Structures are given as C-alpha cells and as structure tokens.
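Chemist: As input, take target_31.pdb (PDB, C-alpha atoms, pLDDT in the B column):
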MODEL        1
ATOM      1  CA  ALA A   1      19.781  11.810  23.934  1.00 56.00           C
ATOM      2  CA  ALA A   2      21.203   9.066  21.693  1.00 52.00           C
ATOM      3  CA  LEU A   3      18.754   6.522  23.117  1.00 53.00           C
ATOM      4  CA  PHE A   4      15.853   8.882  22.418  1.00 52.00           C
ATOM      5  CA  LEU A   5      16.960   9.384  18.795  1.00 49.00           C
ATOM      6  CA  SER A   6      17.399   5.640  18.242  1.00 51.00           C
ATOM      7  CA  ASN A   7      13.863   5.050  19.565  1.00 52.00           C
ATOM      8  CA  ILE A   8      12.519   7.610  17.083  1.00 50.00           C
ATOM      9  CA  ALA A   9      14.387   5.843  14.241  1.00 48.00           C
ATOM     10  CA  ILE A  10      12.870   2.498  15.273  1.00 51.00           C
ATOM     11  CA  ILE A  11       9.370   3.995  15.444  1.00 52.00           C
ATOM     12  CA  ASN A  12       9.780   5.687  12.044  1.00 51.00           C
ATOM     13  CA  SER A  13      10.972   2.476  10.384  1.00 50.00           C
ATOM     14  CA  TYR A  14       8.038   0.599  11.915  1.00 53.00           C
ATOM     15  CA  ILE A  15       5.538   3.178  10.697  1.00 52.00           C
ATOM     16  CA  SER A  16       6.968   3.400   7.183  1.00 55.00           C
ATOM     17  CA  ASP A  17       6.998  -0.383   6.600  1.00 75.00           C
ATOM     18  CA  MET A  18       3.225  -0.740   6.439  1.00 94.00           C
ATOM     19  CA  LYS A  19       1.467  -3.069   4.043  1.00 96.00           C
ATOM     20  CA  LEU A  20      -1.397  -1.726   1.958  1.00 96.00           C
ATOM     21  CA  SER A  21      -3.643  -4.383   3.491  1.00 94.00           C
ATOM     22  CA  GLU A  22      -3.024  -2.875   6.970  1.00 95.00           C
ATOM     23  CA  CYS A  23      -3.842   0.736   6.066  1.00 96.00           C
ATOM     24  CA  GLU A  24      -6.756   2.888   7.185  1.00 96.00           C
ATOM     25  CA  PHE A  25      -9.529   3.435   4.660  1.00 97.00           C
ATOM     26  CA  ASN A  26      -9.924   6.795   2.892  1.00 97.00           C
ATOM     27  CA  LYS A  27      -6.404   7.914   3.793  1.00 97.00           C
ATOM     28  CA  LYS A  28      -3.770   8.621   1.125  1.00 97.00           C
ATOM     29  CA  TYR A  29      -0.487   6.703   1.112  1.00 97.00           C
ATOM     30  CA  VAL A  30       2.560   6.633  -1.153  1.00 97.00           C
ATOM     31  CA  ILE A  31       3.730   3.280  -2.500  1.00 97.00           C
ATOM     32  CA  LYS A  32       7.212   2.539  -1.208  1.00 97.00           C
ATOM     33  CA  SER A  33       7.826  -0.856  -2.847  1.00 96.00           C
ATOM     34  CA  ILE A  34       6.093  -3.879  -4.326  1.00 96.00           C
ATOM     35  CA  LYS A  35       7.397  -7.381  -3.711  1.00 95.00           C
ATOM     36  CA  ALA A  36       6.322  -9.277  -6.821  1.00 93.00           C
ATOM     37  CA  ALA A  37       7.638 -10.948  -9.967  1.00 94.00           C
ATOM     38  CA  ASP A  38       8.726  -8.733 -12.873  1.00 95.00           C
ATOM     39  CA  LYS A  39       5.720  -9.686 -15.016  1.00 96.00           C
ATOM     40  CA  LEU A  40       3.306  -8.631 -12.269  1.00 95.00           C
ATOM     41  CA  LEU A  41       5.282  -5.445 -11.572  1.00 95.00           C
ATOM     42  CA  LYS A  42       4.977  -4.488 -15.248  1.00 96.00           C
ATOM     43  CA  ARG A  43       1.214  -5.098 -15.244  1.00 95.00           C
ATOM     44  CA  LEU A  44       0.752  -3.082 -12.044  1.00 95.00           C
ATOM     45  CA  ALA A  45       2.844  -0.233 -13.493  1.00 95.00           C
ATOM     46  CA  GLU A  46       0.514  -0.187 -16.522  1.00 94.00           C
ATOM     47  CA  LEU A  47      -2.345   0.348 -14.069  1.00 94.00           C
ATOM     48  CA  GLY A  48      -0.456   3.166 -12.334  1.00 94.00           C
ATOM     49  CA  ILE A  49       0.555   1.115  -9.304  1.00 96.00           C
ATOM     50  CA  ALA A  50       4.295   1.646  -8.880  1.00 96.00           C
ATOM     51  CA  ALA A  51       6.746   3.038  -6.339  1.00 96.00           C
ATOM     52  CA  GLY A  52       6.019   6.712  -5.712  1.00 96.00           C
ATOM     53  CA  ALA A  53       2.359   6.546  -6.746  1.00 97.00           C
ATOM     54  CA  GLU A  54      -0.336   7.832  -4.396  1.00 97.00           C
ATOM     55  CA  ILE A  55      -2.891   5.171  -3.420  1.00 97.00           C
ATOM     56  CA  THR A  56      -6.000   5.304  -1.216  1.00 97.00           C
ATOM     57  CA  PRO A  57      -7.601   2.147   0.212  1.00 98.00           C
ATOM     58  CA  LEU A  58     -11.384   2.608   0.057  1.00 97.00           C
ATOM     59  CA  LYS A  59     -13.028  -0.575   1.308  1.00 96.00           C
ATOM     60  CA  LEU A  60     -12.660  -4.311   1.762  1.00 96.00           C
ATOM     61  CA  SER A  61     -14.935  -6.785   0.001  1.00 94.00           C
ATOM     62  CA  PRO A  62     -17.485  -8.618   2.192  1.00 93.00           C
ATOM     63  CA  LEU A  63     -15.463 -11.861   2.075  1.00 93.00           C
ATOM     64  CA  LYS A  64     -12.187  -9.936   2.578  1.00 91.00           C
ATOM     65  CA  SER A  65     -10.832 -11.372  -0.677  1.00 95.00           C
ATOM     66  CA  SER A  66     -10.177  -8.018  -2.370  1.00 97.00           C
ATOM     67  CA  LEU A  67      -9.470  -4.388  -1.568  1.00 97.00           C
ATOM     68  CA  LEU A  68     -10.953  -1.458  -3.482  1.00 97.00           C
ATOM     69  CA  VAL A  69      -8.347   1.284  -3.996  1.00 98.00           C
ATOM     70  CA  SER A  70      -8.142   4.635  -5.737  1.00 97.00           C
ATOM     71  CA  VAL A  71      -5.098   5.405  -7.907  1.00 96.00           C
ATOM     72  CA  TYR A  72      -4.801   8.434 -10.211  1.00 92.00           C
ATOM     73  CA  ARG A  73      -8.522   9.303 -10.056  1.00 90.00           C
ATOM     74  CA  TYR A  74      -9.791   5.819 -10.893  1.00 93.00           C
ATOM     75  CA  ARG A  75     -10.764   2.847  -8.779  1.00 97.00           C
ATOM     76  CA  LEU A  76      -9.690  -0.745  -9.035  1.00 95.00           C
ATOM     77  CA  SER A  77      -9.897  -3.887  -6.983  1.00 96.00           C
ATOM     78  CA  LEU A  78      -6.764  -5.696  -5.806  1.00 96.00           C
ATOM     79  CA  ARG A  79      -6.658  -9.235  -4.459  1.00 96.00           C
ATOM     80  CA  SER A  80      -5.884  -9.288  -0.744  1.00 95.00           C
ATOM     81  CA  ASP A  81      -2.730 -11.356  -1.287  1.00 95.00           C
ATOM     82  CA  LEU A  82      -1.440  -8.671  -3.678  1.00 96.00           C
ATOM     83  CA  ALA A  83      -2.247  -5.904  -1.175  1.00 96.00           C
ATOM     84  CA  GLU A  84       0.017  -7.785   1.278  1.00 95.00           C
ATOM     85  CA  LYS A  85       2.955  -7.341  -1.135  1.00 96.00           C
ATOM     86  CA  ILE A  86       2.618  -3.558  -1.454  1.00 97.00           C
ATOM     87  CA  GLU A  87       4.504  -1.502   1.124  1.00 97.00           C
ATOM     88  CA  VAL A  88       3.371   2.081   1.697  1.00 97.00           C
ATOM     89  CA  GLU A  89       4.289   5.079   3.815  1.00 93.00           C
TER      90      GLU A  89
ENDMDL
END
With the file now loaded, output its structure as structure tokens.
Modeler:
Amino acid sequence: AALFLSNIAIINSYISDMKLSECEFNKKYVIKSIKAADKLLKRLAELGIAAGAEITPLKLSPLKSSLLVSVYRYRLSLRSDLAEKIEVE
C-alpha cells in the first residue's frame, strides 16, 4: 500500500509542475509560480499574471514565438520564453 501511495505522490507532483508552454489550449489552469526577476514579476502582476490567478492558453503564434492567453476576461500575448517560466496546475 505504501508503494502505491508513493507512486500517486510522484504522479501528482509530475502533473502539478507543468509549464504554461506545455498546457492544452482552451483549458483553465491556476498559476502556481513564476520564475523571473522581481521587476518582471511586478509587471506581470500589474497585468493580472501572478500566483493563484486563473489563466487559459488560447493559441500559439504561427512562428511559435508567442502564446495568446486569457487572464481575467482579457487576452494578451506572452513571449514563449516567458511562458516557459510560468508553472501551472
């Protein structure tokens, strides 16, 4: 039974540590953390992108350089490298 429970814990930690860039489109996620400098974190927070916020990836640009997302009923485009730094669950 202990082995079964440890496998569930491993699976749950794997699922919850997903980057925004790896998420399915049109599915809602909650931002878990953002790995960025303080100045960028402040700017993102001004846009509503912070830990605990609900975010929905909508589509990828044709050259895969940016990701269109929906946050608090508005849409914005994030650079792909920034989407890599946002962890969601």
Chemist: Env of Asp81 in chain A: 9 Å cut, atoms = all atoms listed in the file, seq-sep filter 2 positions within chain, self excluded. Answer as number ranges by chain.
Modeler: A: 21, 65-66, 78-79, 83-85
Chemist: Provide the CA of Ala50 in chain A to CA of Glu24 in chain A distance in Å, to one decimal place.
Modeler: 19.5 Å
Chemist: Could you please determine the separation between CA of Ala53 in chain A and CA of Ile31 in chain A in Å, to one decimal place?
Modeler: 5.5 Å
Chemist: So that I can see what lies close to Tyr72 in chain A, please list as number ranges by chain the residues with an atom at most 9 Å from it, counting only C-alpha atoms and leaving out residues fewer than 4 positions away in the same chain.
Modeler: A: 48, 53-55
Chemist: Those residues with C-alpha atoms, as a tab-separated table (two decimals), keeping the file's coordinate frame please?
Modeler:
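That gives us part_37.tsv:
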chain	number	residue	atom	x	y	z
A	48	GLY	CA	-0.46	3.17	-12.33
A	53	ALA	CA	2.36	6.55	-6.75
A	54	GLU	CA	-0.34	7.83	-4.40
A	55	ILE	CA	-2.89	5.17	-3.42
Chemist: Just checking: using all atoms listed in the file, which residue out of A:Glu46, A:Leu41, A:Ser70, A:Ser80 ends up closest to Lys27 in chain A?
Modeler: A:Ser70
Chemist: Quick one, how far is CA of Gly52 in chain A from CA of Lys39 in chain A?
Modeler: 18.9 Å
Chemist: Which residues are near Ala51 in chain A? Cut-off 10 Å, all atoms listed in the file, ignore same chain within fewer than 6 positions. Put them as a list in words.
Modeler: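 Those residues are Val30, Ile31, Lys32, Ser33, Ile34, Ala45, Ile86, Glu87 and Val88 of chain A.
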Chemist: With distances taken over only C-alpha atoms, which of A:Leu47, A:Asn26, A:Met18, A:Lys42 is nearest to Leu68 in chain A?
Modeler: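 Counting only C-alpha atoms, the residue closest to Leu68 in chain A is A:Asn26.
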Chemist: Write out as lines of an AutoDock Vina configuration file an axis-aligned box for range 31-43 of chain A: all of its atoms listed in the file, 5 Å added on each side, centre and edge lengths in Å with one decimal.
Modeler:
center_x = 5.0
center_y = -3.8
center_z = -8.2
size_x = 17.5
size_y = 24.2
size_z = 24.0
Chemist: For each of A:Leu40, A:Ser77, A:Asp17, A:Lys35, take the minimum atom-to-atom distance to Leu60 in chain A, counting all atoms listed in the file, then give the residue where this is smallest.
Modeler: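 When distances to Leu60 in chain A are compared using all atoms listed in the file, the smallest one comes from A:Ser77.
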Chemist: Between A:Val69, A:Leu63, A:Ala37, A:Cys23, single out the one closest to Ile49 in chain A, counting only C-alpha atoms.
Modeler: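 Comparing A:Val69, A:Leu63, A:Ala37, A:Cys23 against Ile49 in chain A, the winner is A:Val69.
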Chemist: Between A:Phe25, A:Arg43, A:Arg73, A:Lys19, which one has atoms that come closest to Pro57 in chain A, using only C-alpha atoms?
Modeler: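 When distances to Pro57 in chain A are compared using only C-alpha atoms, the smallest one comes from A:Phe25.
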Chemist: Could you check which of A:Leu82, A:Leu76, A:Glu89, A:Val71 is closest to Tyr29 in chain A, using all atoms listed in the file?
Modeler: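 Among A:Leu82, A:Leu76, A:Glu89, A:Val71, it is A:Glu89 that comes nearest to Tyr29 in chain A.
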Chemist: Can you give me N, CA, C and O atoms for range 57-78 of chain A, written as a compact mmCIF listing (two decimals), in the coordinates of the input?
Modeler:
# COMPACT_ATOMS: atom_id res chain seq x y z
N PRO A 57 -6.72 3.29 0.00
CA PRO A 57 -7.60 2.15 0.21
C PRO A 57 -9.01 2.65 0.54
O PRO A 57 -9.17 3.56 1.36
N LEU A 58 -10.02 2.13 -0.13
CA LEU A 58 -11.38 2.61 0.06
C LEU A 58 -12.25 1.66 0.87
O LEU A 58 -12.91 2.08 1.81
N LYS A 59 -12.26 0.38 0.50
CA LYS A 59 -13.03 -0.57 1.31
C LYS A 59 -12.63 -2.00 0.98
O LYS A 59 -12.05 -2.27 -0.07
N LEU A 60 -12.96 -2.90 1.88
CA LEU A 60 -12.66 -4.31 1.76
C LEU A 60 -13.92 -5.04 1.32
O LEU A 60 -15.02 -4.69 1.75
N SER A 61 -13.76 -6.03 0.46
CA SER A 61 -14.94 -6.78 0.00
C SER A 61 -15.54 -7.55 1.18
O SER A 61 -14.86 -7.82 2.18
N PRO A 62 -16.82 -7.92 1.08
CA PRO A 62 -17.48 -8.62 2.19
C PRO A 62 -16.77 -9.90 2.64
O PRO A 62 -16.73 -10.20 3.83
N LEU A 63 -16.17 -10.63 1.71
CA LEU A 63 -15.46 -11.86 2.08
C LEU A 63 -13.98 -11.62 2.33
O LEU A 63 -13.21 -12.56 2.50
N LYS A 64 -13.57 -10.35 2.33
CA LYS A 64 -12.19 -9.94 2.58
C LYS A 64 -11.21 -10.53 1.56
O LYS A 64 -10.04 -10.73 1.85
N SER A 65 -11.69 -10.80 0.36
CA SER A 65 -10.83 -11.37 -0.68
C SER A 65 -10.21 -10.31 -1.57
O SER A 65 -9.26 -10.59 -2.30
N SER A 66 -10.74 -9.09 -1.54
CA SER A 66 -10.18 -8.02 -2.37
C SER A 66 -10.34 -6.67 -1.68
O SER A 66 -11.17 -6.49 -0.80
N LEU A 67 -9.51 -5.73 -2.13
CA LEU A 67 -9.47 -4.39 -1.57
C LEU A 67 -9.71 -3.38 -2.68
O LEU A 67 -9.01 -3.41 -3.70
N LEU A 68 -10.68 -2.51 -2.52
CA LEU A 68 -10.95 -1.46 -3.48
C LEU A 68 -10.03 -0.29 -3.17
O LEU A 68 -9.97 0.17 -2.02
N VAL A 69 -9.28 0.18 -4.18
CA VAL A 69 -8.35 1.28 -4.00
C VAL A 69 -8.58 2.34 -5.07
O VAL A 69 -9.16 2.07 -6.12
N SER A 70 -8.10 3.53 -4.78
CA SER A 70 -8.14 4.64 -5.74
C SER A 70 -6.70 5.00 -6.09
O SER A 70 -5.88 5.21 -5.21
N VAL A 71 -6.42 5.04 -7.40
CA VAL A 71 -5.10 5.40 -7.91
C VAL A 71 -5.31 6.31 -9.10
O VAL A 71 -6.02 5.95 -10.04
N TYR A 72 -4.69 7.50 -9.08
CA TYR A 72 -4.80 8.43 -10.21
C TYR A 72 -6.24 8.64 -10.68
O TYR A 72 -6.56 8.48 -11.85
N ARG A 73 -7.12 8.94 -9.77
CA ARG A 73 -8.52 9.30 -10.06
C ARG A 73 -9.37 8.16 -10.62
O ARG A 73 -10.43 8.40 -11.19
N TYR A 74 -8.93 6.94 -10.53
CA TYR A 74 -9.79 5.82 -10.89
C TYR A 74 -9.70 4.75 -9.81
O TYR A 74 -8.80 4.75 -9.00
N ARG A 75 -10.67 3.88 -9.80
CA ARG A 75 -10.76 2.85 -8.78
C ARG A 75 -10.51 1.48 -9.39
O ARG A 75 -10.92 1.22 -10.51
N LEU A 76 -9.85 0.63 -8.61
CA LEU A 76 -9.69 -0.74 -9.04
C LEU A 76 -9.63 -1.65 -7.81
O LEU A 76 -9.39 -1.19 -6.70
N SER A 77 -9.87 -2.91 -8.05
CA SER A 77 -9.90 -3.89 -6.98
C SER A 77 -8.63 -4.73 -7.05
O SER A 77 -8.28 -5.25 -8.11
N LEU A 78 -7.97 -4.87 -5.91
CA LEU A 78 -6.76 -5.70 -5.81
C LEU A 78 -7.05 -6.90 -4.93
O LEU A 78 -7.72 -6.78 -3.91
